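Q: Have a peek at query.txt (compact mmCIF, C-alpha atoms).
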# COMPACT_ATOMS: atom_id res chain seq x y z
CA MET S 1 84.19 39.41 371.72
CA LYS S 2 80.93 39.91 369.81
CA LYS S 3 82.48 38.31 366.73
CA ALA S 4 83.61 35.30 368.73
CA LYS S 5 80.17 34.98 370.32
CA GLY S 6 78.55 35.12 366.90
CA ALA S 7 80.88 32.43 365.55
CA LYS S 8 80.15 30.26 368.56
CA GLY S 9 76.41 30.74 368.04
CA LYS S 10 76.73 29.80 364.36
CA LYS S 11 78.72 26.70 365.31
CA ALA S 12 76.04 25.72 367.82
CA ARG S 13 73.32 26.13 365.20
CA ASN S 14 75.28 23.98 362.74
CA PHE S 15 75.75 21.34 365.43
CA ARG S 16 72.01 21.27 366.13
CA ALA S 17 71.32 20.89 362.40
CA ALA S 18 73.80 18.01 362.17
CA LYS S 19 72.48 16.13 365.17
CA LYS S 20 71.12 12.70 364.30
CA PRO S 21 67.37 13.09 363.86
CA ARG S 22 64.62 10.68 364.78
CA TYR S 23 64.34 10.16 361.03
CA ALA S 24 62.35 6.97 360.97
CA GLN S 25 59.51 8.42 362.99
CA SER S 26 59.18 11.47 360.76
CA GLY S 27 59.65 9.80 357.37
CA MET S 28 63.26 10.93 356.91
CA ALA S 29 66.28 8.87 355.98
CA ALA S 30 69.45 9.43 358.01
CA ASP S 31 71.72 9.39 354.95
CA ASP S 32 69.49 11.94 353.18
CA TYR S 33 69.33 14.30 356.13
CA ALA S 34 70.78 17.75 355.43
CA GLY S 35 69.30 19.89 358.15
CA GLU S 36 65.75 19.81 356.79
CA ALA S 37 63.24 16.99 356.53
CA GLN S 38 63.39 15.06 353.27
CA PRO S 39 61.05 12.21 352.29
CA LEU S 40 62.23 8.67 352.84
CA GLN S 41 63.22 7.16 349.49
CA SER S 42 63.57 3.46 348.68
CA PRO S 43 63.19 1.98 352.16
CA VAL S 44 65.39 -1.01 352.88
CA VAL S 45 63.19 -2.34 355.68
CA SER S 46 59.42 -2.37 355.89
CA VAL S 47 58.02 -3.04 359.36
CA ILE S 48 54.46 -4.34 359.20
CA ILE S 49 52.21 -3.97 362.26
CA PRO S 50 48.58 -5.10 362.28
CA VAL S 51 46.65 -3.15 364.91
CA MET S 52 43.21 -3.44 366.46
CA ASN S 53 42.59 -1.18 369.47
CA GLU S 54 46.19 -0.96 370.71
CA ARG S 55 46.44 2.71 371.71
CA ALA S 56 48.31 1.80 374.90
CA THR S 57 51.27 0.28 373.05
CA ILE S 58 51.32 1.33 369.41
CA ARG S 59 53.42 4.51 369.81
CA LYS S 60 56.18 2.64 371.66
CA ILE S 61 56.11 -0.22 369.15
CA ILE S 62 56.53 2.20 366.24
CA ARG S 63 59.38 3.97 368.00
CA GLU S 64 61.29 0.72 368.54
CA ALA S 65 60.53 -0.64 365.06
CA ALA S 66 61.56 2.56 363.31
CA GLY S 67 65.14 2.28 364.57
CA VAL S 68 66.03 -1.07 363.01
CA HIS S 69 67.65 0.54 359.96
CA PRO S 70 68.32 4.12 358.76
CA ARG S 71 65.93 3.56 355.84
CA THR S 72 62.85 2.08 357.46
CA GLU S 73 59.18 2.49 356.67
CA VAL S 74 56.60 1.50 359.27
CA ILE S 75 53.25 0.30 357.95
CA VAL S 76 50.34 0.03 360.37
CA ILE S 77 47.26 -1.87 359.24
CA ALA S 78 44.49 -0.54 361.45
CA ASN S 79 41.58 -2.93 361.09
CA GLY S 80 38.43 -2.38 363.04
CA SER S 81 40.14 -0.04 365.52
CA THR S 82 37.81 2.30 367.38
CA ASP S 83 40.15 3.62 370.10
CA GLY S 84 42.22 6.08 368.07
CA SER S 85 45.10 3.69 367.41
CA ALA S 86 45.25 4.67 363.73
CA GLU S 87 45.61 8.38 364.46
CA ILE S 88 48.26 7.75 367.11
CA ALA S 89 50.19 5.62 364.61
CA ARG S 90 49.92 8.32 361.95
CA ARG S 91 51.22 10.99 364.32
CA ALA S 92 54.09 8.69 365.29
CA GLY S 93 55.22 8.64 361.65
CA ALA S 94 53.75 5.37 360.41
CA ARG S 95 52.07 4.86 357.08
CA VAL S 96 48.55 3.82 358.08
CA LEU S 97 46.24 1.59 356.08
CA ARG S 98 42.84 1.90 357.70
CA TYR S 99 39.96 -0.56 357.45
CA GLU S 100 36.66 0.04 359.21
CA LYS S 101 35.94 -3.67 359.44
CA ALA S 102 38.02 -6.11 361.47
CA LEU S 103 39.97 -8.20 358.96
CA GLY S 104 40.49 -11.27 361.09
CA HIS S 105 43.68 -12.82 362.37
CA ASP S 106 46.87 -12.31 360.27
CA VAL S 107 45.10 -10.83 357.21
CA GLY S 108 46.79 -7.52 358.05
CA ARG S 109 50.19 -9.14 357.50
CA SER S 110 49.25 -10.03 353.93
CA ILE S 111 47.88 -6.55 353.20
CA GLY S 112 50.95 -4.89 354.71
CA ALA S 113 53.27 -7.13 352.69
CA ARG S 114 51.54 -6.14 349.45
CA ALA S 115 51.99 -2.46 350.30
CA ALA S 116 55.61 -2.76 351.52
CA LEU S 117 58.46 -1.26 349.49
CA GLY S 118 61.43 -2.58 351.46
CA GLN S 119 63.80 -5.42 350.63
CA VAL S 120 63.28 -6.83 354.12
CA LEU S 121 59.81 -7.26 355.60
CA LEU S 122 59.75 -7.39 359.39
CA PHE S 123 56.53 -8.47 361.09
CA VAL S 124 55.60 -7.47 364.62
CA ASP S 125 52.30 -7.27 366.50
CA GLY S 126 50.55 -4.20 367.86
CA ASP S 127 50.24 -5.42 371.42
CA MET S 128 53.82 -6.18 372.48
CA VAL S 129 56.74 -3.76 372.67
CA ILE S 130 59.95 -5.40 371.44
CA SER S 131 63.15 -3.38 371.61
CA THR S 132 65.06 -2.15 368.58
CA ALA S 133 68.08 -4.21 369.66
CA GLN S 134 66.00 -7.40 369.60
CA LEU S 135 64.39 -6.62 366.25
CA ARG S 136 67.70 -5.90 364.53
CA HIS S 137 68.73 -9.57 364.78
CA PHE S 138 66.01 -10.50 362.28
CA VAL S 139 66.80 -7.68 359.86
CA TYR S 140 70.53 -8.42 360.01
CA ALA S 141 70.01 -12.10 359.20
CA VAL S 142 68.15 -11.24 356.00
CA LEU S 143 70.35 -8.33 354.91
CA HIS S 144 73.78 -9.74 355.70
CA ARG S 145 73.50 -13.51 356.08
CA GLY S 146 71.36 -14.37 353.10
CA VAL S 147 68.48 -15.72 355.20
CA ASP S 148 65.13 -15.63 353.41
CA ALA S 149 62.99 -16.20 356.50
CA ALA S 150 64.45 -15.20 359.87
CA LEU S 151 62.29 -16.72 362.60
CA ASN S 152 61.89 -16.17 366.31
CA ASP S 153 63.64 -19.10 368.00
CA TYR S 154 60.79 -19.39 370.48
CA THR S 155 59.67 -23.00 370.77
CA GLY S 156 57.04 -22.68 373.49
CA PRO S 157 57.04 -24.58 376.80
CA VAL S 158 57.51 -28.30 376.25
CA ASP S 159 58.69 -29.37 379.71
CA LYS S 160 55.16 -30.26 380.77
CA THR S 161 53.09 -33.42 380.95
CA ALA S 162 50.36 -31.79 378.89
CA VAL S 163 51.87 -29.64 376.15
CA HIS S 164 49.68 -26.94 374.59
CA SER S 165 48.14 -28.00 371.27
CA VAL S 166 49.59 -24.99 369.41
CA VAL S 167 53.11 -25.88 370.56
CA LEU S 168 52.56 -29.48 369.47
CA ALA S 169 51.25 -28.33 366.09
CA LYS S 170 54.35 -26.20 365.46
CA HIS S 171 56.74 -29.01 366.34
CA ALA S 172 54.72 -31.51 364.29
CA LEU S 173 54.72 -29.30 361.19
CA ASN S 174 58.50 -28.89 361.32
CA ILE S 175 58.92 -32.65 361.63
CA VAL S 176 56.67 -33.19 358.59
CA LEU S 177 58.74 -30.59 356.74
CA GLU S 178 61.90 -32.55 357.71
CA ARG S 179 63.20 -29.56 359.69
CA PRO S 180 62.97 -30.94 363.25
CA GLU S 181 65.84 -28.72 364.37
CA LEU S 182 63.48 -25.74 364.06
CA LYS S 183 61.40 -27.26 366.88
CA GLY S 184 58.58 -24.78 367.50
CA ALA S 185 59.98 -21.89 365.45
CA SER S 186 57.34 -20.75 363.01
CA PHE S 187 55.90 -17.92 360.96
CA THR S 188 53.13 -17.97 363.56
CA ALA S 189 55.31 -16.19 366.13
CA VAL S 190 56.57 -12.62 365.84
CA PRO S 191 58.97 -11.10 365.32
CA HIS S 192 60.09 -12.62 362.06
CA ALA S 193 61.45 -11.22 358.81
CA ILE S 194 61.38 -12.33 355.20
CA SER S 195 63.28 -11.21 352.13
CA ARG S 196 61.69 -9.64 349.09
CA GLN S 197 62.62 -12.75 347.11
CA GLY S 198 61.03 -14.92 349.77
CA LEU S 199 57.82 -12.94 349.60
CA SER S 200 57.62 -13.29 345.82
CA LEU S 201 57.98 -17.08 346.06
CA ILE S 202 55.69 -17.65 349.06
CA GLY S 203 53.03 -15.24 347.85
CA ALA S 204 51.63 -12.46 350.01
CA GLU S 205 48.27 -14.24 350.24
CA ALA S 206 49.89 -17.14 352.13
CA LEU S 207 50.76 -14.78 354.99
CA CYS S 208 47.08 -14.85 356.00
CA VAL S 209 47.83 -18.39 357.23
CA PRO S 210 51.32 -18.25 358.80
CA PRO S 211 51.91 -22.05 358.96
CA LEU S 212 51.07 -22.23 355.25
CA ALA S 213 53.65 -19.51 354.50
CA HIS S 214 56.10 -21.44 356.68
CA ALA S 215 55.49 -24.69 354.78
CA ARG S 216 55.78 -23.00 351.40
CA ALA S 217 59.05 -21.29 352.35
CA ILE S 218 60.69 -24.57 353.33
CA ARG S 219 59.31 -26.67 350.47
CA LEU S 220 60.31 -24.04 347.91
CA GLY S 221 63.91 -24.21 349.11
CA LEU S 222 64.20 -20.86 350.85
CA LYS S 223 66.79 -20.41 353.56
CA VAL S 224 64.72 -20.57 356.75
CA GLU S 225 66.47 -20.16 360.11
CA ALA S 226 65.59 -19.51 363.72
CA VAL S 227 67.93 -16.59 364.36
CA HIS S 228 67.13 -15.11 367.77
CA THR S 229 64.90 -15.80 370.77
CA VAL S 230 62.26 -13.36 371.96
CA ASN S 231 60.06 -14.84 374.67
CA VAL S 232 56.73 -13.66 373.33
CA GLY S 233 54.92 -16.14 375.56
CA LYS S 234 55.58 -13.88 378.54
CA MET S 235 54.83 -10.70 376.59
CA ASN S 236 51.58 -11.73 374.95
CA ARG S 237 48.63 -9.93 376.54
CA ARG S 238 45.87 -12.22 377.77
CA ARG S 239 42.43 -11.62 376.26
CA PRO S 240 40.04 -13.80 378.27
CA GLN S 241 36.83 -12.47 376.69
CA ARG S 242 38.03 -13.18 373.14
CA GLU S 243 39.34 -16.60 374.13
CA ARG S 244 35.98 -17.57 375.60
CA ARG S 245 34.15 -16.37 372.51
CA SER S 246 36.52 -17.68 369.83
CA PRO S 247 39.59 -19.52 371.13
CA LEU S 248 42.68 -18.57 369.13
CA GLU S 249 44.07 -22.02 369.88
CA HIS S 250 41.48 -23.60 367.58
CA LEU S 251 42.27 -21.18 364.75
CA ILE S 252 46.03 -21.78 364.93
CA VAL S 253 45.71 -25.56 365.05
CA GLY S 254 43.40 -25.31 362.03
CA ASP S 255 46.03 -23.20 360.25
CA HIS S 256 48.59 -25.98 360.76
CA LEU S 257 46.15 -28.52 359.35
CA GLU S 258 45.74 -26.28 356.29
CA ALA S 259 49.52 -26.20 355.88
CA ILE S 260 49.70 -30.00 356.07
CA HIS S 261 46.88 -30.28 353.53
CA TRP S 262 48.89 -28.07 351.16
CA LEU S 263 51.91 -30.34 351.62
CA ILE S 264 49.78 -33.35 350.68
CA THR S 265 48.59 -31.64 347.51
CA GLN S 266 52.23 -31.08 346.55
CA SER S 267 53.13 -34.78 346.80
CA ASN S 268 50.81 -37.57 347.91
CA GLU S 269 48.46 -38.52 350.74
CA ARG S 270 51.46 -39.19 353.00
CA GLY S 271 53.08 -35.84 352.27
CA GLY S 272 55.92 -37.54 350.43
CA PHE S 273 56.80 -39.91 353.27
CA GLU S 274 57.38 -43.56 352.37
CA ASP S 275 54.89 -46.34 353.19
CA TYR S 276 57.80 -48.83 353.19
CA ARG S 277 56.66 -52.47 352.84
CA ARG S 278 53.16 -52.05 354.18
CA CYS S 279 50.84 -54.02 351.88
CA ARG S 280 47.56 -52.20 352.46
CA GLU S 281 45.76 -54.04 349.68
CA PHE S 282 45.60 -57.22 351.77
CA ALA S 283 43.59 -55.40 354.47
CA LEU S 284 40.89 -54.32 352.05
Represent the supplied structure as structure tokens.
A:
Amino acid sequence: MKKAKGAKGKKARNFRAAKKPRYAQSGMAADDYAGEAQPLQSPVVSVIIPVMNERATIRKIIREAAGVHPRTEVIVIANGSTDGSAEIARRAGARVLRYEKALGHDVGRSIGARAALGQVLLFVDGDMVISTAQLRHFVYAVLHRGVDAALNDYTGPVDKTAVHSVVLAKHALNIVLERPELKGASFTAVPHAISRQGLSLIGAEALCVPPLAHARAIRLGLKVEAVHTVNVGKMNRRRPQRERRSPLEHLIVGDHLEAIHWLITQSNERGGFEDYRRCREFAL
């Protein structure tokens, strides 16, 4: 009886050792796991999360992001955070890049992309919890369908008399890019994912201005698709004080103008569109 009990106890210990670990949160890879923690080697997916004072959500966001693939690294860019977000992220298993000064909108994406080691770069924000199941759609599109830029198929509300200027800007840019079927899908909205090849062609610096990265991706011939819808409009936390001080709407519209300016520099003052038979010289 004692022998049987001992065998049963050994079997139970082996079972506990073989249980699937929460590898992504602790820096372990599932296929490397052998009962003891081993460092994550050659991540396939890099999840990039800019954070500024998001202690209420960052742990949950890391947990969901870490499960998108067995070999995932989570990179948190903590810029100007003073509420302990960086330490919470570190304890949750993320690789934390800390900056004392606030970097400004979207700069963290560029910094995270430069530091990323994965073949797929998945971008999420630090203030909205998106489930692992939702995030996997974007990773899958890049890994298994050859998509270079997998976008959130969120177009914004257009069934209104007065459509928000940011929504209009997104639709307008896609029309100028001759991709009207993308509607309001854009690098501006998370989540989205890009391939390593896509990053090398777009340039990490372009990610500071998401519409510019979007324009470059399409004009350079990358495979850009809207792959899955996540209604971030309902999830996005309202920040009335910031909006009164520096409306994000103005910044994003300006970003789209910068993207259009880049398009003009790549072709002509009409962005490559024909002037047809208009004889402007007679009006001068």
Q: Could you tell me how far atom CA of Gln41 of chain S sits from atom CA of Ala213 of chain S, in Å to one decimal place?
A: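 Between atom CA of Ala213 of chain S and atom CA of Gln41 of chain S the gap is 28.8 Å.
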Q: Using only C-alpha atoms, which residue out of S:Phe282, S:Tyr99, S:Tyr140, S:Trp262 lies closest to Val44 of chain S?
A: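 Among S:Phe282, S:Tyr99, S:Tyr140, S:Trp262, it is S:Tyr140 that comes nearest to Val44 of chain S.
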Q: In Å, rounded to a single decimal, give me how far atom CA of Gln266 of chain S is from atom CA of Ala283 of chain S.
A: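 For atom CA of Ala283 of chain S relative to atom CA of Gln266 of chain S, the distance reads 27.0 Å.
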Q: Please measure the separation of atom CA of Leu207 of chain S and atom CA of Arg91 of chain S, giving the value in Å to one decimal.
A: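 Interatomic distance here is 27.4 Å.
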Q: Mind checking which residues fall within 7 Å of Pro50 of chain S, counting only C-alpha atoms, ignoring those fewer than 5 positions away in the same chain, and posting them as a list of chain:residue names?
A: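 With the cut-off at 7 Å, the set is S:Val76, S:Ile77, S:Ala78, S:Gly108, S:Arg109, S:Asp125, S:Gly126.
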Q: Taking (64.8, 2.8, 348.1) in the file's coordinates as the center, which residues reach within 9 Å of it, counting all atoms listed in the file, put as a list in words?
A: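 Protein, DNA and RNA residues close to (64.8, 2.8, 348.1): Leu40, Gln41, Ser42, Pro43, Val44, Arg71, Leu117, Gly118 and Gln119 of chain S.
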Q: Those same residues, written as a PDB file, keeping the file's coordinate frame with C-alpha atoms?
A:
ATOM      1  CA  LEU S  40      62.230   8.670 352.840  1.00  0.00           C
ATOM      2  CA  GLN S  41      63.220   7.160 349.490  1.00  0.00           C
ATOM      3  CA  SER S  42      63.570   3.460 348.680  1.00  0.00           C
ATOM      4  CA  PRO S  43      63.190   1.980 352.160  1.00  0.00           C
ATOM      5  CA  VAL S  44      65.390  -1.010 352.880  1.00  0.00           C
ATOM      6  CA  ARG S  71      65.930   3.560 355.840  1.00  0.00           C
ATOM      7  CA  LEU S 117      58.460  -1.260 349.490  1.00  0.00           C
ATOM      8  CA  GLY S 118      61.430  -2.580 351.460  1.00  0.00           C
ATOM      9  CA  GLN S 119      63.800  -5.420 350.630  1.00  0.00           C
TER      10      GLN S 119
END
Q: Calculated over all atoms listed in the file, which of the candidates S:Ala66, S:Ile252, S:Cys279, S:Val142 has the smallest distance to His192 of chain S?
A: S:Val142
Q: Set the distance at 10 Å and use only C-alpha atoms: which residues neighbour Lys223 of chain S once local chain neighbours fewer than 6 positions away are removed? I'd like the list as a list in words.
A: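 The filter keeps Val142, Arg145, Gly146, Val147, Asp148, Ala149, Ala150, Ile194, Ser195, Gly198 and Ala217 of chain S.
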Q: Of the candidates S:Ala172, S:Val232, S:Ile48, S:Val253, which shows the shortest atom-to-atom distance to Val107 of chain S, using only C-alpha atoms?
A: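 Answer, going by the shortest atom-to-atom distance: S:Ile48.
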Q: From the options S:Glu178, S:Glu225, S:Glu269, S:Glu64, which residue's atoms come nearest to Leu135 of chain S, counting only C-alpha atoms?
A: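 Under the stated criterion, the closest residue is S:Glu64.
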Q: So, counting all atoms listed in the file, which residue among S:His250, S:Thr82, S:Ile62, S:Cys208 is closest to His164 of chain S?
A: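 Of S:His250, S:Thr82, S:Ile62, S:Cys208, the one nearest His164 of chain S is S:His250, counting all atoms listed in the file.
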Q: Of the candidates S:His228, S:Arg278, S:Arg59, S:Arg114, which one gets nearest to Gly93 of chain S if we count only C-alpha atoms?
A: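 For Gly93 of chain S, the nearest of the candidates is S:Arg59.
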Q: Within 6 Å of (62.3, -26.1, 356.7), all atoms listed in the file: residues as a tab-separated table (two decimals) with C-alpha atoms, in the frame of the given file?
A:
chain	number	residue	atom	x	y	z
S	177	LEU	CA	58.74	-30.59	356.74
S	179	ARG	CA	63.20	-29.56	359.69
S	218	ILE	CA	60.69	-24.57	353.33
Q: Excluding same-chain residues fewer than 4 positions from Arg98 of chain S, what lies within 12 Å of it counting all atoms listed in the file, as a PyMOL selection string?
A: chain S and resi 49-52+75-82+84-87+89-90+94+102-103+108+111-112
Q: Would you mind listing what lies within 8 Å of Val68 of chain S as a PyMOL selection string, with only C-alpha atoms counted and same-chain residues fewer than 2 positions away left out?
A: chain S and resi 45+64-66+70+72+132-133+135-136+139
Q: If you count all atoms listed in the file, which residues fall within 12 Å of Pro210 of chain S, apart from same-chain ones fewer than 4 positions away, as a CSV table (one decimal) with C-alpha atoms, in the frame of the given file?
A:
chain,number,residue,atom,x,y,z
S,105,HIS,CA,43.7,-12.8,362.4
S,106,ASP,CA,46.9,-12.3,360.3
S,107,VAL,CA,45.1,-10.8,357.2
S,108,GLY,CA,46.8,-7.5,358.0
S,109,ARG,CA,50.2,-9.1,357.5
S,110,SER,CA,49.2,-10.0,353.9
S,123,PHE,CA,56.5,-8.5,361.1
S,151,LEU,CA,62.3,-16.7,362.6
S,170,LYS,CA,54.4,-26.2,365.5
S,173,LEU,CA,54.7,-29.3,361.2
S,185,ALA,CA,60.0,-21.9,365.4
S,186,SER,CA,57.3,-20.8,363.0
S,187,PHE,CA,55.9,-17.9,361.0
S,188,THR,CA,53.1,-18.0,363.6
S,189,ALA,CA,55.3,-16.2,366.1
S,190,VAL,CA,56.6,-12.6,365.8
S,192,HIS,CA,60.1,-12.6,362.1
S,202,ILE,CA,55.7,-17.6,349.1
S,203,GLY,CA,53.0,-15.2,347.8
S,204,ALA,CA,51.6,-12.5,350.0
S,205,GLU,CA,48.3,-14.2,350.2
S,206,ALA,CA,49.9,-17.1,352.1
S,214,HIS,CA,56.1,-21.4,356.7
S,215,ALA,CA,55.5,-24.7,354.8
S,216,ARG,CA,55.8,-23.0,351.4
S,217,ALA,CA,59.0,-21.3,352.4
S,251,LEU,CA,42.3,-21.2,364.8
S,252,ILE,CA,46.0,-21.8,364.9
S,253,VAL,CA,45.7,-25.6,365.0
S,254,GLY,CA,43.4,-25.3,362.0
S,255,ASP,CA,46.0,-23.2,360.2
S,256,HIS,CA,48.6,-26.0,360.8
S,257,LEU,CA,46.2,-28.5,359.4
S,258,GLU,CA,45.7,-26.3,356.3
S,259,ALA,CA,49.5,-26.2,355.9
